[in-house]
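**Q** Sharing a structure here in structure tokens format.
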Amino acid sequence: MEKGMNEYHLPVREVDILYVMWKAGKPLMASEIADADEELKLATVHTTLKRMLKKELIEVVDFAKSGNVFGRCYQPTITLEEFEMGKLTIDFRTKHSKDISACNLVAALLNDEDSGMVQEELDKLEKMIQEKREKISKGG
């Protein structure tokens, strides 16, 4: 599911819950989310999960038994990478970063990497650039 960039401006509790889920790497019940972060109270988790479901940030993927009751198991609909790249894109496009070009950003990110890593990243960038050029030339 592709989210609009503005949807990544999320309340702190929603972000906290997403990070708990990504770290777990498996669907979690509300009680498991609350147990994983001592600052999250179960009532807060339930309320926040409802909002996140409406925003389609999470989905119910299973039901599991916890004690004497069955509960929903939730998982994010976006990956950690999608979320972080969305935040980075928003931050990069703000008025505070208008003087920084994409080239300058990439150069700064690659500046401190070892040469093997830089070569691998440059190869990926060349492929992305070529694909983008082909798409543009085809009118897309």
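Quick note on naming: the chains in the structure tokens go A, B, ... in the order shown, residues restart at 1 in each chain, and ligands are numbered from 1 in order of appearance.
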Please return as a list in words: the residues of segment 36-90 of chain A that backbone DSSP assigns to helix (DSSP H, G or I).
**A** Ala36, Leu42, Ala43, Thr44, Val45, His46, Thr47, Thr48, Leu49, Lys50, Arg51, Met52, Leu53, Lys54, Leu80, Glu81, Glu82, Phe83, Glu84, Met85, Gly86, Lys87, Leu88, Thr89 and Ile90 of chain A
**Q** What's the 9 Å shell around segment 6-23 of chain A, counting only C-alpha atoms, without same-chain residues fewer than 4 positions away, as a PyMOL selection string?
**A** chain A and resi 27-28+33-34+36-37+40+44-45+48-49+51-52+55+57-58+74-76+79-80+83-84+86-87+90
**Q** Please identify all polymer residues within 12 Å of segment 99-116 of chain A, counting only C-alpha atoms, omitting same-chain residues fewer than 6 positions from it, and present them as a list of chain:residue names.
**A** A:Leu88, A:Thr89, A:Asp91, A:Phe92, A:Arg93, A:Leu122, A:Asp123, A:Leu125
**Q** Can you write out the residues you just picked, keeping all heavy atoms, as a short mmCIF file (atom, residue, chain, number, x, y, z; two decimals), in the first residue's frame?
**A**
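New file selection_15.cif:
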data_model
loop_
_atom_site.label_atom_id
_atom_site.label_comp_id
_atom_site.auth_asym_id
_atom_site.auth_seq_id
_atom_site.Cartn_x
_atom_site.Cartn_y
_atom_site.Cartn_z
N LEU A 88 12.27 11.11 5.55
CA LEU A 88 13.44 11.76 4.98
C LEU A 88 13.04 12.65 3.80
O LEU A 88 13.51 13.78 3.67
CB LEU A 88 14.47 10.72 4.54
CG LEU A 88 15.75 11.24 3.92
CD1 LEU A 88 16.51 12.11 4.92
CD2 LEU A 88 16.62 10.09 3.46
N THR A 89 12.14 12.15 2.96
CA THR A 89 11.68 12.91 1.81
C THR A 89 10.97 14.18 2.25
O THR A 89 11.21 15.27 1.71
CB THR A 89 10.74 12.05 0.94
OG1 THR A 89 11.46 10.90 0.51
CG2 THR A 89 10.25 12.82 -0.27
N ASP A 91 11.35 15.75 5.15
CA ASP A 91 12.35 16.64 5.74
C ASP A 91 13.20 17.31 4.66
O ASP A 91 13.51 18.50 4.74
CB ASP A 91 13.26 15.87 6.70
CG ASP A 91 12.54 15.45 7.97
OD1 ASP A 91 11.45 15.99 8.26
OD2 ASP A 91 13.07 14.56 8.67
N PHE A 92 13.56 16.56 3.64
CA PHE A 92 14.42 17.07 2.58
C PHE A 92 13.71 18.16 1.78
O PHE A 92 14.34 19.10 1.31
CB PHE A 92 14.86 15.92 1.66
CG PHE A 92 15.84 16.33 0.61
CD1 PHE A 92 17.13 16.70 0.95
CD2 PHE A 92 15.48 16.36 -0.73
CE1 PHE A 92 18.04 17.07 -0.02
CE2 PHE A 92 16.39 16.73 -1.70
CZ PHE A 92 17.67 17.09 -1.35
N ARG A 93 12.40 18.04 1.62
CA ARG A 93 11.65 18.99 0.81
C ARG A 93 11.15 20.21 1.58
O ARG A 93 10.51 21.07 1.00
CB ARG A 93 10.46 18.28 0.17
CG ARG A 93 10.90 17.30 -0.89
CD ARG A 93 9.74 16.69 -1.60
NE ARG A 93 10.24 15.82 -2.65
CZ ARG A 93 9.54 14.88 -3.23
NH1 ARG A 93 8.29 14.68 -2.88
NH2 ARG A 93 10.07 14.13 -4.17
N LEU A 122 26.85 3.27 -5.60
CA LEU A 122 26.94 3.95 -6.90
C LEU A 122 26.33 3.10 -8.01
O LEU A 122 25.64 3.62 -8.90
CB LEU A 122 28.39 4.30 -7.22
CG LEU A 122 29.01 5.41 -6.37
CD1 LEU A 122 30.51 5.53 -6.66
CD2 LEU A 122 28.30 6.73 -6.59
N ASP A 123 26.56 1.80 -7.96
CA ASP A 123 25.96 0.90 -8.95
C ASP A 123 24.43 0.95 -8.88
O ASP A 123 23.74 1.01 -9.90
CB ASP A 123 26.43 -0.54 -8.75
CG ASP A 123 27.91 -0.74 -9.08
OD1 ASP A 123 28.50 0.14 -9.76
OD2 ASP A 123 28.47 -1.77 -8.65
N LEU A 125 22.65 3.45 -7.70
CA LEU A 125 22.23 4.77 -8.16
C LEU A 125 22.24 4.85 -9.69
O LEU A 125 21.33 5.43 -10.29
CB LEU A 125 23.14 5.86 -7.57
CG LEU A 125 22.92 6.19 -6.11
CD1 LEU A 125 24.06 7.05 -5.58
CD2 LEU A 125 21.59 6.90 -5.91
#
**Q** Just list as an MDAnalysis selection string whatever in chain A DSSP marks as strand (DSSP E).
**A** chainID A and resid 58:66 69:76
**Q** Just how far from atom CA of Gln130 of chain A is atom CA of Met117 of chain A, in Å to one decimal?
**A**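 Separating atom CA of Met117 of chain A from atom CA of Gln130 of chain A is a distance of 20.1 Å.
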